[in-house]
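Structure, as structure tokens:
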Amino acid sequence: MSLAPERTDSLAEPVRTVGRGWITLYVLGNVGLFIPMLVPTTILMPEQIAEIDPAGKVGSYAWVSAMGAISGIVLAPLAGALSDRTTSRFGRRRPWMVIGSLIYMAVLVFLGLQATVGGVAIGSFALSAACMIIGAGLSPVVPDQVPVGQRGVVLGWATAPQAGGLIAGGLLVGLVTSFSAKYLLLAALPLLIVLFATTMKDPPLPAGHREPFSLRTFLDGYRISPREHPDFIWAMSSRFAMGLGYGLGTLYLPYFLDDVLHYEQLFPGQSIDDGLLIVIGVNCLATVSTVVLGGWLSDKLGRRRMPVFLGGLTMAVAAIPLALSPTWTMTLVAAVILGLGYGVYLSVDTALITEVLPASADRSKDMALANLMTSLPYVLVPPIASVVLGSLGGYRSLFLCSAGMSVLGAAMVWKVRSVR
């Protein structure tokens, strides 16, 4: 008769709180992930495409964005499943962070050299792939090592780089002029992920605890039973609707400033980039002001659903001023409201997700599936936006659609029953 494998720390539910040093390095790791992802997709790629193909920039940007999202859909769960089964003596998560960071850096350099829409699309695909590889190690670290009662505040600090990454990254790349130099600066940041990976404790997974892997096993991992894990399904559905609402409201902001506000005519001597940086800065400051506080309060109160609901509802409200009065002043007002809601939503929703994961042995794969609910909408946003902008009322309808999806996503969180 074979004996069951001994209990392993790598699969145990964490009970010991993490210290300030661990949190600081984890936050720096997130800086190394988010800034090089957000700045290219939000600022640099639209600029490159507008310079390469000014007449067809909307359509070109749509399929470049879709390439990045498709990459994530294909690779995120696969990388997560393999991370869960990694038995390296260096640990389960560390190899994925280090290897992914090296790929990340190479892709950023590659993007800086592109002068065709096709080249930018290839870079977008590869950039997303590198993020998914890193995420297979970085995302499950919190459910692996942080106890439930500390996750709100840890994720609040950890998502601050995501909240403020655009303004910090925008200021960074503003120090140089050429695309190649901008991307090269960003390529240095993933070294922060390597720093966290090499200093964190990452208990190896004993071979006896490794789940068998096959294509069928991997595909079966996509099938989460709504009957067995209803809370996980509802949490992912809420996140998907919120992601769709957020994408509809923000993805085409550079073109909104140009096509609707005519920013360069409104403020002679300034460029669209200047206006975009102002909006992003206002939004980021508002987001950062609530992201840590929201996570901390959710830990203290022991509640996740109400902050997620209120944050989502506030994000929906932000789209109304732009739909009713598309002016520069209202754009800044909307940026503030969106940031306040997004800050609360961002930290607490992730903490909620970590509490409804189906199995400890599949944390990385399940976190990848949950994270797909924020990236998958970006496959749908471009075609939806193209139809809405082209024949269904323009930007006003686009912002109303954004508000509607955010309300739906906020309401769905109440279907999660096992978390207060």
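Residues in the structure tokens are numbered from 1 in each chain, the chains being A, B, ... in the order shown, and ligands are numbered from 1 in the order shown.
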| said: Can you tell me which residues surround Ala76 (chain A) at a distance of at most 9 Å, considering only C-alpha atoms, apart from same-chain residues fewer than 6 positions away, and format the answer as a ChimeraX atom specification? | reply: /A:129,131-133,135-136,365,368-369,371-372
Quick one: which region 340-386 of chain A residues come within 9 Å of region 161-166 of chain A, and what is the nearest atom pair for each with the distance in Å to one decimal, counting only C-alpha atoms, rows ordered by chain and ascending number, as a tab-separated table?
residue	atom	partner	partner_atom	distance
A:Tyr342	CA	A:Ala163	CA	8.2
A:Gly343	CA	A:Ala163	CA	6.9
A:Leu346	CA	A:Ala163	CA	8.2
Dump of all heavy atoms for the selected residues, as an mmCIF file, in the first residue's frame:
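Written out: out05.cif:
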data_model
loop_
_atom_site.group_PDB
_atom_site.id
_atom_site.type_symbol
_atom_site.label_atom_id
_atom_site.label_comp_id
_atom_site.auth_asym_id
_atom_site.auth_seq_id
_atom_site.Cartn_x
_atom_site.Cartn_y
_atom_site.Cartn_z
ATOM 1 N N TYR A 342 -12.219 53.315 -8.980
ATOM 2 C CA TYR A 342 -11.317 52.262 -9.438
ATOM 3 C C TYR A 342 -10.317 51.877 -8.357
ATOM 4 O O TYR A 342 -9.957 50.709 -8.221
ATOM 5 C CB TYR A 342 -10.586 52.734 -10.690
ATOM 6 C CG TYR A 342 -9.783 51.656 -11.387
ATOM 7 C CD1 TYR A 342 -10.362 50.442 -11.755
ATOM 8 C CD2 TYR A 342 -8.434 51.859 -11.688
ATOM 9 C CE1 TYR A 342 -9.634 49.462 -12.403
ATOM 10 C CE2 TYR A 342 -7.693 50.885 -12.337
ATOM 11 C CZ TYR A 342 -8.295 49.692 -12.691
ATOM 12 O OH TYR A 342 -7.561 48.721 -13.329
ATOM 13 N N GLY A 343 -9.871 52.846 -7.572
ATOM 14 C CA GLY A 343 -8.927 52.539 -6.506
ATOM 15 C C GLY A 343 -9.496 51.559 -5.497
ATOM 16 O O GLY A 343 -8.843 50.580 -5.111
ATOM 17 N N LEU A 346 -10.149 48.082 -7.302
ATOM 18 C CA LEU A 346 -8.963 47.354 -7.732
ATOM 19 C C LEU A 346 -8.394 46.467 -6.641
ATOM 20 O O LEU A 346 -8.119 45.279 -6.855
ATOM 21 C CB LEU A 346 -7.908 48.364 -8.206
ATOM 22 C CG LEU A 346 -6.728 47.851 -9.015
ATOM 23 C CD1 LEU A 346 -7.199 47.208 -10.304
ATOM 24 C CD2 LEU A 346 -5.772 49.011 -9.324
#
| task | Would you mind writing down, as JSON, numbers by chain, each residue of region 112-185 of chain A that DSSP on the backbone assigns to helix (DSSP H, G or I)? | result | {"A": [117, 118, 119, 120, 121, 122, 123, 124, 125, 126, 127, 128, 129, 130, 131, 132, 133, 134, 135, 136, 137, 138, 141, 142, 143, 144, 145, 148, 149, 150, 151, 152, 153, 154, 155, 156, 157, 158, 159, 160, 161, 162, 163, 164, 165, 166, 167, 168, 169, 170, 171, 172, 173, 179, 180, 181, 182, 183, 184, 185]}
| message | Could you tell me how far CA of Leu28 (chain A) sits from CA of Pro204 (chain A), in Å to one decimal place? | response | 23.3 Å
